[in-house]
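Novice: model_21.cif is reproduced below (mmCIF, C-alpha atoms).
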```
data_run
#
loop_
_atom_site.group_PDB
_atom_site.id
_atom_site.type_symbol
_atom_site.label_atom_id
_atom_site.label_comp_id
_atom_site.auth_asym_id
_atom_site.auth_seq_id
_atom_site.Cartn_x
_atom_site.Cartn_y
_atom_site.Cartn_z
ATOM 1 C CA MET A 298 22.574 12.932 3.253
ATOM 2 C CA ILE A 299 23.138 12.632 -0.502
ATOM 3 C CA LYS A 300 25.197 9.468 -0.044
ATOM 4 C CA TYR A 301 22.475 7.961 2.115
ATOM 5 C CA ILE A 302 19.757 8.779 -0.431
ATOM 6 C CA VAL A 303 21.813 7.293 -3.257
ATOM 7 C CA LYS A 304 22.515 4.181 -1.177
ATOM 8 C CA ARG A 305 18.824 3.696 -0.351
ATOM 9 C CA LEU A 306 17.834 4.250 -3.980
ATOM 10 C CA LEU A 307 20.308 1.606 -5.122
ATOM 11 C CA GLN A 308 19.032 -0.806 -2.452
ATOM 12 C CA SER A 309 15.454 -0.187 -3.578
ATOM 13 C CA LEU A 310 16.361 -0.747 -7.237
ATOM 14 C CA LEU A 311 18.117 -3.995 -6.327
ATOM 15 C CA THR A 312 15.082 -5.150 -4.339
ATOM 16 C CA LEU A 313 12.778 -4.298 -7.238
ATOM 17 C CA LEU A 314 15.077 -6.193 -9.628
ATOM 18 C CA ILE A 315 14.956 -9.280 -7.390
ATOM 19 C CA ILE A 316 11.157 -9.095 -7.137
ATOM 20 C CA ALA A 317 10.831 -8.658 -10.903
ATOM 21 C CA THR A 318 13.030 -11.715 -11.442
ATOM 22 C CA VAL A 319 11.009 -13.808 -8.995
ATOM 23 C CA VAL A 320 7.747 -12.704 -10.645
ATOM 24 C CA PHE A 321 9.193 -13.587 -14.062
ATOM 25 C CA PHE A 322 10.008 -17.146 -13.004
ATOM 26 C CA LEU A 323 6.717 -17.626 -11.160
ATOM 27 C CA MET A 324 4.733 -16.536 -14.193
ATOM 28 C CA ARG A 325 6.622 -19.082 -16.311
ATOM 29 C CA LEU A 326 5.219 -21.747 -13.974
ATOM 30 C CA MET A 327 1.641 -20.673 -14.655
ATOM 31 C CA PRO A 328 -0.538 -22.730 -17.038
ATOM 32 C CA VAL A 329 -0.064 -21.709 -20.662
ATOM 33 C CA GLU A 330 -3.835 -21.193 -20.984
ATOM 34 C CA GLY A 331 -3.259 -17.711 -19.608
ATOM 35 C CA TYR A 332 -1.462 -16.725 -22.814
ATOM 36 C CA PHE A 333 -4.302 -17.718 -25.150
ATOM 37 C CA GLY A 334 -7.602 -16.919 -23.467
ATOM 38 C CA GLU A 335 -10.748 -18.400 -24.978
ATOM 39 C CA GLU A 336 -8.862 -19.507 -28.093
ATOM 40 C CA PHE A 337 -6.975 -22.173 -26.141
ATOM 41 C CA ASP A 338 -9.787 -24.750 -26.302
ATOM 42 C CA LYS A 339 -9.966 -24.367 -30.083
ATOM 43 C CA MET A 340 -6.265 -25.040 -30.652
ATOM 44 C CA ASP A 341 -4.469 -28.355 -31.039
ATOM 45 C CA GLU A 342 -1.041 -29.130 -29.563
ATOM 46 C CA ASP A 343 0.869 -28.105 -32.692
ATOM 47 C CA GLN A 344 -0.876 -24.742 -32.857
ATOM 48 C CA ILE A 345 -0.248 -24.118 -29.165
ATOM 49 C CA GLU A 346 3.429 -24.971 -29.526
ATOM 50 C CA ALA A 347 3.794 -22.755 -32.602
ATOM 51 C CA ALA A 348 2.156 -19.846 -30.763
ATOM 52 C CA LEU A 349 4.440 -20.295 -27.726
ATOM 53 C CA VAL A 350 7.463 -20.265 -30.019
ATOM 54 C CA ALA A 351 6.165 -17.092 -31.713
ATOM 55 C CA MET A 352 5.763 -15.401 -28.316
ATOM 56 C CA GLY A 353 9.321 -16.323 -27.392
ATOM 57 C CA LEU A 354 8.250 -18.584 -24.532
ATOM 58 C CA ARG A 355 10.315 -21.457 -25.913
ATOM 59 C CA ASP A 356 13.531 -19.412 -26.082
ATOM 60 C CA PRO A 357 16.324 -20.162 -23.574
ATOM 61 C CA ILE A 358 15.405 -18.793 -20.154
ATOM 62 C CA GLY A 359 18.334 -16.363 -20.196
ATOM 63 C CA VAL A 360 17.140 -14.873 -23.481
ATOM 64 C CA GLN A 361 13.604 -14.535 -22.116
ATOM 65 C CA LEU A 362 14.846 -12.856 -18.941
ATOM 66 C CA THR A 363 17.014 -10.365 -20.851
ATOM 67 C CA ARG A 364 14.096 -9.517 -23.120
ATOM 68 C CA PHE A 365 11.864 -9.115 -20.054
ATOM 69 C CA TYR A 366 14.280 -6.630 -18.455
ATOM 70 C CA GLY A 367 14.519 -4.708 -21.717
ATOM 71 C CA GLN A 368 10.743 -4.414 -21.959
ATOM 72 C CA LEU A 369 10.538 -3.122 -18.378
ATOM 73 C CA LEU A 370 13.195 -0.485 -19.046
ATOM 74 C CA ARG A 371 11.209 0.688 -22.078
ATOM 75 C CA GLY A 372 7.988 0.740 -20.081
ATOM 76 C CA ASP A 373 6.540 -2.007 -22.250
ATOM 77 C CA LEU A 374 4.229 -4.078 -20.055
ATOM 78 C CA GLY A 375 2.804 -6.088 -22.934
ATOM 79 C CA SER A 376 -0.824 -6.544 -23.964
ATOM 80 C CA SER A 377 -3.832 -8.026 -22.223
ATOM 81 C CA ILE A 378 -5.025 -11.407 -23.461
ATOM 82 C CA THR A 379 -8.356 -12.183 -21.809
ATOM 83 C CA VAL A 380 -9.531 -9.112 -19.883
ATOM 84 C CA ARG A 381 -9.226 -6.719 -22.854
ATOM 85 C CA PRO A 382 -7.681 -8.712 -25.696
ATOM 86 C CA LYS A 383 -4.715 -7.063 -27.468
ATOM 87 C CA MET A 384 -5.097 -3.816 -25.521
ATOM 88 C CA SER A 385 -1.891 -2.275 -24.178
ATOM 89 C CA ILE A 386 -1.509 -2.987 -20.453
ATOM 90 C CA ALA A 387 0.121 0.415 -19.939
ATOM 91 C CA LYS A 388 -2.969 2.063 -21.445
ATOM 92 C CA MET A 389 -5.283 -0.029 -19.259
ATOM 93 C CA ILE A 390 -3.374 0.916 -16.119
ATOM 94 C CA GLY A 391 -3.377 4.552 -17.194
ATOM 95 C CA GLN A 392 -7.184 4.410 -17.236
ATOM 96 C CA LYS A 393 -7.471 2.602 -13.885
ATOM 97 C CA ALA A 394 -4.680 4.202 -11.842
ATOM 98 C CA PRO A 395 -6.406 7.587 -11.251
ATOM 99 C CA TYR A 396 -9.242 5.847 -9.378
ATOM 100 C CA SER A 397 -6.858 3.881 -7.169
ATOM 101 C CA ILE A 398 -4.688 6.939 -6.504
ATOM 102 C CA LYS A 399 -7.701 9.071 -5.625
ATOM 103 C CA PHE A 400 -9.147 6.588 -3.158
ATOM 104 C CA GLY A 401 -5.751 5.553 -1.793
ATOM 105 C CA LEU A 402 -4.558 9.082 -1.027
ATOM 106 C CA ALA A 403 -7.898 10.098 0.470
ATOM 107 C CA SER A 404 -7.939 7.071 2.777
ATOM 108 C CA MET A 405 -4.334 7.677 3.895
ATOM 109 C CA VAL A 406 -5.057 11.334 4.679
ATOM 110 C CA LEU A 407 -8.161 10.344 6.642
ATOM 111 C CA ALA A 408 -6.185 7.715 8.554
ATOM 112 C CA LEU A 409 -3.538 10.287 9.420
ATOM 113 C CA VAL A 410 -6.012 12.984 10.453
ATOM 114 C CA ALA A 411 -8.067 10.578 12.586
ATOM 115 C CA GLY A 412 -5.374 8.222 13.903
ATOM 116 C CA ILE A 413 -2.912 10.705 15.397
ATOM 117 C CA PRO A 414 -5.512 12.608 17.489
ATOM 118 C CA ILE A 415 -6.995 9.307 18.701
ATOM 119 C CA GLY A 416 -3.540 8.118 19.766
ATOM 120 C CA ALA A 417 -2.801 11.458 21.472
ATOM 121 C CA VAL A 418 -6.033 11.315 23.474
ATOM 122 C CA MET A 419 -5.271 7.711 24.462
ATOM 123 C CA ALA A 420 -1.832 8.743 25.728
ATOM 124 C CA LEU A 421 -3.160 11.756 27.652
ATOM 125 C CA TYR A 422 -5.813 9.611 29.336
ATOM 126 C CA LYS A 423 -3.706 6.497 29.791
ATOM 127 C CA SER A 424 -5.566 3.648 31.537
ATOM 128 C CA LYS A 425 -8.803 5.666 31.549
ATOM 129 C CA TRP A 426 -11.887 5.061 29.453
ATOM 130 C CA PRO A 427 -10.669 6.950 26.311
ATOM 131 C CA ASP A 428 -7.541 4.780 26.328
ATOM 132 C CA LYS A 429 -9.527 1.593 26.870
ATOM 133 C CA LEU A 430 -11.966 2.523 24.111
ATOM 134 C CA GLY A 431 -9.132 3.258 21.702
ATOM 135 C CA ASN A 432 -7.388 0.004 22.547
ATOM 136 C CA ALA A 433 -10.627 -1.881 21.968
ATOM 137 C CA TYR A 434 -10.845 -0.346 18.486
ATOM 138 C CA ILE A 435 -7.210 -1.238 17.692
ATOM 139 C CA VAL A 436 -7.650 -4.824 18.893
ATOM 140 C CA PHE A 437 -10.873 -5.183 16.899
ATOM 141 C CA ILE A 438 -9.280 -3.925 13.661
ATOM 142 C CA ASN A 439 -6.270 -6.209 14.043
ATOM 143 C CA ALA A 440 -8.162 -9.292 15.248
ATOM 144 C CA VAL A 441 -11.194 -9.346 12.962
ATOM 145 C CA PRO A 442 -10.676 -10.161 9.249
ATOM 146 C CA ALA A 443 -10.996 -6.974 7.225
ATOM 147 C CA ALA A 444 -13.534 -8.552 4.883
ATOM 148 C CA VAL A 445 -15.954 -8.917 7.811
ATOM 149 C CA TYR A 446 -16.126 -5.259 8.799
ATOM 150 C CA TYR A 447 -15.899 -4.140 5.166
ATOM 151 C CA LEU A 448 -19.102 -6.052 4.431
ATOM 152 C CA PHE A 449 -20.697 -4.853 7.670
ATOM 153 C CA ILE A 450 -20.011 -1.226 6.726
ATOM 154 C CA GLN A 451 -21.330 -1.685 3.214
ATOM 155 C CA LEU A 452 -24.528 -3.429 4.284
ATOM 156 C CA TYR A 453 -25.473 -1.458 7.394
ATOM 157 C CA ALA A 454 -23.750 1.942 7.199
ATOM 158 C CA SER A 455 -25.149 2.528 3.727
ATOM 159 C CA GLY A 456 -28.692 2.126 5.036
ATOM 160 C CA LEU A 457 -28.075 3.967 8.314
ATOM 161 C CA PHE A 458 -26.541 7.052 6.690
ATOM 162 C CA LYS A 459 -28.404 6.828 3.362
ATOM 163 C CA LEU A 460 -25.211 6.395 1.344
ATOM 164 C CA PRO A 461 -24.834 4.622 -2.024
ATOM 165 C CA ILE A 462 -23.874 0.978 -1.675
ATOM 166 C CA LEU A 463 -21.761 1.072 -4.889
ATOM 167 C CA TYR A 464 -19.408 3.671 -6.331
ATOM 168 C CA ASP A 465 -20.828 6.033 -8.923
ATOM 169 C CA ALA A 466 -18.462 8.551 -10.526
ATOM 170 C CA ARG A 467 -21.388 10.965 -10.930
ATOM 171 C CA LYS A 468 -22.058 10.934 -7.163
ATOM 172 C CA PRO A 469 -19.084 12.096 -5.032
ATOM 173 C CA ILE A 470 -21.006 10.992 -1.932
ATOM 174 C CA SER A 471 -20.528 7.384 -3.054
ATOM 175 C CA MET A 472 -16.805 7.735 -2.219
ATOM 176 C CA ILE A 473 -17.446 8.033 1.510
ATOM 177 C CA LEU A 474 -17.906 4.366 2.447
ATOM 178 C CA PRO A 475 -14.943 3.034 0.399
ATOM 179 C CA ILE A 476 -12.598 5.709 1.753
ATOM 180 C CA VAL A 477 -13.688 5.173 5.353
ATOM 181 C CA SER A 478 -13.337 1.405 4.963
ATOM 182 C CA MET A 479 -9.838 1.686 3.482
ATOM 183 C CA SER A 480 -8.720 4.076 6.242
ATOM 184 C CA LEU A 481 -9.682 1.865 9.199
ATOM 185 C CA GLY A 482 -6.448 -0.144 9.241
ATOM 186 C CA GLY A 483 -4.252 2.940 8.894
ATOM 187 C CA THR A 484 -6.209 4.782 11.584
ATOM 188 C CA ALA A 485 -5.640 1.933 14.038
ATOM 189 C CA SER A 486 -1.935 1.827 13.170
ATOM 190 C CA TYR A 487 -1.415 5.574 13.607
ATOM 191 C CA ALA A 488 -3.386 5.589 16.863
ATOM 192 C CA MET A 489 -1.413 2.676 18.315
ATOM 193 C CA TRP A 490 2.010 4.091 17.472
ATOM 194 C CA THR A 491 1.156 7.680 18.436
ATOM 195 C CA ARG A 492 0.058 6.457 21.863
ATOM 196 C CA ARG A 493 3.164 4.325 22.255
ATOM 197 C CA TYR A 494 5.601 7.088 21.295
ATOM 198 C CA MET A 495 3.819 9.718 23.388
ATOM 199 C CA VAL A 496 3.791 7.513 26.486
ATOM 200 C CA ASP A 497 7.484 6.857 25.907
ATOM 201 C CA GLN A 498 8.211 10.587 25.616
ATOM 202 C CA MET A 499 6.143 11.394 28.709
ATOM 203 C CA ASN A 500 8.508 9.235 30.770
ATOM 204 C CA LYS A 501 11.636 11.013 29.539
ATOM 205 C CA ASP A 502 13.783 13.068 31.909
ATOM 206 C CA TYR A 503 13.257 16.305 29.963
ATOM 207 C CA VAL A 504 9.491 16.086 30.613
ATOM 208 C CA LYS A 505 10.046 15.554 34.343
ATOM 209 C CA PHE A 506 12.487 18.473 34.378
ATOM 210 C CA ALA A 507 10.012 20.733 32.587
ATOM 211 C CA ARG A 508 7.300 19.850 35.089
ATOM 212 C CA ALA A 509 9.674 20.536 37.951
ATOM 213 C CA LYS A 510 10.344 24.007 36.493
ATOM 214 C CA GLY A 511 6.608 24.690 36.463
ATOM 215 C CA VAL A 512 6.006 24.527 32.713
ATOM 216 C CA LYS A 513 2.306 24.149 31.976
ATOM 217 C CA GLU A 514 1.176 20.651 31.051
ATOM 218 C CA SER A 515 -0.293 21.893 27.766
ATOM 219 C CA GLY A 516 3.039 23.478 26.860
ATOM 220 C CA ILE A 517 4.878 20.261 27.588
ATOM 221 C CA MET A 518 2.447 18.164 25.576
ATOM 222 C CA PHE A 519 2.126 20.353 22.494
ATOM 223 C CA GLY A 520 5.586 21.910 22.579
ATOM 224 C CA HIS A 521 7.635 18.797 23.198
ATOM 225 C CA VAL A 522 5.895 15.447 23.681
ATOM 226 C CA ILE A 523 3.636 15.388 20.618
ATOM 227 C CA ARG A 524 6.278 16.966 18.382
ATOM 228 C CA ASN A 525 8.941 14.442 19.374
ATOM 229 C CA ALA A 526 6.486 11.542 19.222
ATOM 230 C CA LEU A 527 5.524 12.389 15.638
ATOM 231 C CA VAL A 528 9.085 12.039 14.335
ATOM 232 C CA PRO A 529 9.218 8.205 14.428
ATOM 233 C CA MET A 530 5.658 8.108 13.067
ATOM 234 C CA THR A 531 7.123 8.668 9.618
ATOM 235 C CA GLN A 532 8.284 5.062 9.726
ATOM 236 C CA ASN A 533 4.640 3.982 9.647
ATOM 237 C CA ILE A 534 4.164 5.344 6.133
ATOM 238 C CA PRO A 535 5.395 2.099 4.506
ATOM 239 C CA ALA A 536 3.000 0.012 6.593
ATOM 240 C CA ASN A 537 0.104 2.262 5.686
ATOM 241 C CA VAL A 538 1.023 2.225 1.997
ATOM 242 C CA LEU A 539 0.914 -1.570 2.107
ATOM 243 C CA LEU A 540 -2.338 -1.556 4.108
ATOM 244 C CA THR A 541 -3.892 0.759 1.532
ATOM 245 C CA ILE A 542 -2.687 -1.456 -1.325
ATOM 246 C CA SER A 543 -4.032 -4.659 0.216
ATOM 247 C CA GLY A 544 -7.290 -2.987 1.259
ATOM 248 C CA SER A 545 -7.869 -1.409 -2.147
ATOM 249 C CA ILE A 546 -7.794 -4.783 -3.902
ATOM 250 C CA TYR A 547 -10.849 -5.984 -1.990
ATOM 251 C CA ILE A 548 -12.564 -2.610 -1.547
ATOM 252 C CA GLU A 549 -12.495 -1.813 -5.261
ATOM 253 C CA SER A 550 -14.152 -5.125 -6.036
ATOM 254 C CA LEU A 551 -16.679 -4.716 -3.225
ATOM 255 C CA TYR A 552 -17.790 -1.230 -4.290
ATOM 256 C CA SER A 553 -17.328 -1.737 -8.063
ATOM 257 C CA ILE A 554 -14.574 0.869 -8.273
ATOM 258 C CA PRO A 555 -12.871 0.658 -11.705
ATOM 259 C CA GLY A 556 -9.358 0.815 -10.247
ATOM 260 C CA MET A 557 -6.221 -1.294 -10.334
ATOM 261 C CA GLY A 558 -7.291 -3.557 -7.479
ATOM 262 C CA ASN A 559 -10.444 -4.572 -9.298
ATOM 263 C CA LEU A 560 -8.397 -5.037 -12.462
ATOM 264 C CA LEU A 561 -5.989 -7.394 -10.678
ATOM 265 C CA LEU A 562 -8.830 -9.580 -9.439
ATOM 266 C CA SER A 563 -10.291 -9.741 -12.947
ATOM 267 C CA ALA A 564 -6.886 -10.651 -14.378
ATOM 268 C CA ILE A 565 -6.429 -13.471 -11.853
ATOM 269 C CA LYS A 566 -9.930 -14.859 -12.411
ATOM 270 C CA ARG A 567 -9.502 -14.827 -16.188
ATOM 271 C CA GLN A 568 -5.893 -16.067 -16.105
ATOM 272 C CA ASP A 569 -4.494 -13.083 -17.974
ATOM 273 C CA ASN A 570 -0.813 -13.840 -17.274
ATOM 274 C CA PRO A 571 0.790 -10.676 -18.761
ATOM 275 C CA LEU A 572 -1.684 -8.427 -16.929
ATOM 276 C CA VAL A 573 -1.192 -10.232 -13.606
ATOM 277 C CA GLN A 574 2.571 -9.934 -14.031
ATOM 278 C CA ALA A 575 2.401 -6.190 -14.741
ATOM 279 C CA LEU A 576 0.091 -5.408 -11.822
ATOM 280 C CA VAL A 577 2.129 -7.461 -9.339
ATOM 281 C CA LEU A 578 5.228 -5.528 -10.380
ATOM 282 C CA ILE A 579 3.441 -2.194 -9.971
ATOM 283 C CA TYR A 580 2.146 -3.094 -6.514
ATOM 284 C CA SER A 581 5.651 -4.263 -5.561
ATOM 285 C CA PHE A 582 7.052 -0.933 -6.712
ATOM 286 C CA LEU A 583 4.517 0.927 -4.563
ATOM 287 C CA GLY A 584 5.471 -1.119 -1.499
ATOM 288 C CA ILE A 585 9.203 -0.532 -2.051
ATOM 289 C CA PHE A 586 8.581 3.171 -2.657
ATOM 290 C CA GLY A 587 6.711 3.341 0.651
ATOM 291 C CA LEU A 588 9.660 1.793 2.497
ATOM 292 C CA LEU A 589 12.088 4.191 0.838
ATOM 293 C CA LEU A 590 9.896 7.212 1.558
ATOM 294 C CA GLY A 591 9.552 6.215 5.216
ATOM 295 C CA ASP A 592 13.337 5.974 5.654
ATOM 296 C CA LEU A 593 14.002 9.303 3.931
ATOM 297 C CA LEU A 594 11.307 11.139 5.881
ATOM 298 C CA MET A 595 12.652 9.683 9.120
ATOM 299 C CA VAL A 596 16.100 11.082 8.348
ATOM 300 C CA ALA A 597 14.707 14.448 7.236
ATOM 301 C CA CYS A 598 12.532 14.847 10.335
ATOM 302 C CA ASP A 599 15.102 13.781 12.928
ATOM 303 C CA PRO A 600 18.570 15.377 12.552
ATOM 304 C CA ARG A 601 19.785 13.246 15.481
ATOM 305 C CA ILE A 602 19.875 10.199 13.191
ATOM 306 C CA LYS A 603 23.451 9.652 12.077
ATOM 307 C CA LEU A 604 23.908 8.701 8.477
ATOM 308 C CA VAL A 605 27.631 8.141 8.793
ATOM 309 C CA ARG A 606 30.031 6.682 11.308
ATOM 310 C CA GLY A 607 33.133 8.780 11.328
ATOM 311 C CA LYS A 608 34.120 8.891 7.695
ATOM 312 C CA GLU A 609 32.413 5.678 6.725
ATOM 313 C CA SER A 610 28.803 5.453 5.540
ATOM 314 C CA ARG A 611 26.313 3.252 7.308
#
```
Starting from the file, give its structure as structure tokens.

Specialist:
Amino acid sequence: MIKYIVKRLLQSLLTLLIIATVVFFLMRLMPVEGYFGEEFDKMDEDQIEAALVAMGLRDPIGVQLTRFYGQLLRGDLGSSITVRPKMSIAKMIGQKAPYSIKFGLASMVLALVAGIPIGAVMALYKSKWPDKLGNAYIVFINAVPAAVYYLFIQLYASGLFKLPILYDARKPISMILPIVSMSLGGTASYAMWTRRYMVDQMNKDYVKFARAKGVKESGIMFGHVIRNALVPMTQNIPANVLLTISGSIYIESLYSIPGMGNLLLSAIKRQDNPLVQALVLIYSFLGIFGLLLGDLLMVACDPRIKLVRGKESR
């Protein structure tokens, strides 16, 4: 188990290193305007060149890359240029991250609490109207662009249920619509996979044997089928982390939530290269962490998974 964890951690670190390197080179292809902000139009070519040299952007690429890695190891993400000039990016993210974490965790919990029961009901009533209704919801969520039903919820649900149309930190009720919107994708994912795994378990020989012995259907479902079906569900955590990340970027802008997603959009619009670079790296880290967490939870929940072959690791 320890060897497997260490191996997965090393793989995750290598993946993050590759992503950081790719982001570094992509950002060097961006227009230099993003390093100067509004001052760019007031500068001549000599001033621009002198400033680029001062920032180290004219150093050999190997020197720049080594310096970039060193800054990351120290936790130095640089300073904002256009969004909040000269303000530390780490400080900006520290102010924004609590909002994103709060909404992200709440939406993931809601997706889990709603999605698994929906999937269980669909499996228990396979091919009947609850199953058809659940499948219609899953198809709708996956087929329709998220922006469409996000806007629909904001415009119509706010009026129908008398809820605030924008987030207000002084009104906890204003969190309802953003959280529900962000949870829709995860709910559909959990429902789909819970149904699939439960139907698969219901066709196993041990279920047929239990029925033949006269075990009550409720005992089979709650004692064996649902429990065994939930084990592989841990693999869906990475997908839901990524769904939450992608959904938060648009949702935070839509509901004026002062989180990291809204900050990323502002950074892109205002061509704040250092801030875009830092946020892309953070979102990449979250995605990789989700993949790692899913693998480790899968191993922890299912002792039948073999981490070694004989004396050799996987």

Novice: Counting all atoms listed in the file, figure out which residue out of A:Leu354, A:Leu407, A:Leu572, A:Leu430 gets nearest to A:Met384.

Specialist: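 Distance minimum relative to A:Met384 lands on A:Leu572.
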
Novice: When you draw a straight line from atom CA of A:Ala443 to atom CA of A:Ser471, how long is it in Å?

Specialist: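 We find that atom CA of A:Ala443 and atom CA of A:Ser471 lie 20.1 Å from each other.
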
Novice: Give the answer as one residue: which of A:Val441, A:Ile358, A:Leu578, A:Leu474 has the shortest atom-to-atom distance to A:Leu313, using all atoms listed in the file?

Specialist: A:Leu578

Novice: Report as an MDAnalysis selection string the residues that result from applying the PyMOL selection byres ((chain A and resi 475-482) around 7) to the structure here.

Specialist: chainID A and resid 400 403:405 407:408 438 447 472:474 483:486 540:541 544:545 548 552

Novice: What is the atom CA of A:Tyr494 to atom CA of A:Leu589 distance in Å?

Specialist: 21.7 Å

Novice: Counting only C-alpha atoms, select every polymer residue within 7 Å of (-2.4, -24.2, -26.6) as defined in the file's coordinates, and provide the selection as a VMD selection string.

Specialist: chain A and resid 329 to 330 333 337 340 to 342 344 to 346

Novice: Tell me, in Å to one decimal, how far atom CA of A:Asp592 is from atom CA of A:Gln308.

Specialist: 12.0 Å

Novice: Which residues, named as in the file, does the PyMOL selection byres ((chain A and resi 581) around 10) pick out? Answer as JSON, numbers by chain.

Specialist: {"A": [312, 313, 316, 317, 539, 542, 575, 576, 577, 578, 579, 580, 582, 583, 584, 585, 586, 587]}

Novice: Can you spell out as an mmCIF file with C-alpha atoms, keeping the file's coordinate frame the set of residues that the PyMOL selection byres ((chain A and resi 417) around 12) selects in the structure I just provided?

Specialist:
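Resulting contents of selection-v9.cif:
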```cif
data_model
loop_
_atom_site.group_PDB
_atom_site.id
_atom_site.type_symbol
_atom_site.label_atom_id
_atom_site.label_comp_id
_atom_site.auth_asym_id
_atom_site.auth_seq_id
_atom_site.Cartn_x
_atom_site.Cartn_y
_atom_site.Cartn_z
ATOM 1 C CA VAL A 410 -6.012 12.984 10.453
ATOM 2 C CA ALA A 411 -8.067 10.578 12.586
ATOM 3 C CA GLY A 412 -5.374 8.222 13.903
ATOM 4 C CA ILE A 413 -2.912 10.705 15.397
ATOM 5 C CA PRO A 414 -5.512 12.608 17.489
ATOM 6 C CA ILE A 415 -6.995 9.307 18.701
ATOM 7 C CA GLY A 416 -3.540 8.118 19.766
ATOM 8 C CA VAL A 418 -6.033 11.315 23.474
ATOM 9 C CA MET A 419 -5.271 7.711 24.462
ATOM 10 C CA ALA A 420 -1.832 8.743 25.728
ATOM 11 C CA LEU A 421 -3.160 11.756 27.652
ATOM 12 C CA TYR A 422 -5.813 9.611 29.336
ATOM 13 C CA LYS A 423 -3.706 6.497 29.791
ATOM 14 C CA PRO A 427 -10.669 6.950 26.311
ATOM 15 C CA ASP A 428 -7.541 4.780 26.328
ATOM 16 C CA GLY A 431 -9.132 3.258 21.702
ATOM 17 C CA TYR A 487 -1.415 5.574 13.607
ATOM 18 C CA ALA A 488 -3.386 5.589 16.863
ATOM 19 C CA MET A 489 -1.413 2.676 18.315
ATOM 20 C CA TRP A 490 2.010 4.091 17.472
ATOM 21 C CA THR A 491 1.156 7.680 18.436
ATOM 22 C CA ARG A 492 0.058 6.457 21.863
ATOM 23 C CA ARG A 493 3.164 4.325 22.255
ATOM 24 C CA TYR A 494 5.601 7.088 21.295
ATOM 25 C CA MET A 495 3.819 9.718 23.388
ATOM 26 C CA VAL A 496 3.791 7.513 26.486
ATOM 27 C CA GLN A 498 8.211 10.587 25.616
ATOM 28 C CA MET A 499 6.143 11.394 28.709
ATOM 29 C CA MET A 518 2.447 18.164 25.576
ATOM 30 C CA PHE A 519 2.126 20.353 22.494
ATOM 31 C CA VAL A 522 5.895 15.447 23.681
ATOM 32 C CA ILE A 523 3.636 15.388 20.618
ATOM 33 C CA ARG A 524 6.278 16.966 18.382
ATOM 34 C CA ALA A 526 6.486 11.542 19.222
ATOM 35 C CA LEU A 527 5.524 12.389 15.638
#
```

Novice: Between A:Arg567, A:Leu590, A:Gly359, A:Met557, single out the one closest to A:Ile386, counting all atoms listed in the file.

Specialist: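 Nearest candidate to A:Ile386 out of A:Arg567, A:Leu590, A:Gly359, A:Met557: A:Met557.
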
Novice: Compile the contact shell of stretch 362-373 of chain A as a ChimeraX atom specification: residues with an atom at most 9 Å away, counting only C-alpha atoms, same-chain residues fewer than 6 positions apart removed.

Specialist: /A:314,317-318,321-322,385-387

Novice: Write out as AutoDock Vina command-line options an axis-aligned box for stretch 371-383 of chain A: all of its atoms listed in the file, 6 Å added on each side, centre and edge lengths in Å with one decimal.

Specialist:
```
--center_x 0.8 --center_y -5.7 --center_z -23.7 --size_x 32.7 --size_y 24.9 --size_z 19.6
```

Novice: Using all atoms listed in the file, pick whichever of A:Leu349, A:Leu311, A:Ile378, A:Val303 has the shortest atom-to-atom distance to A:Arg325.

Specialist: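 For A:Arg325, the nearest of the given residues is A:Leu349.
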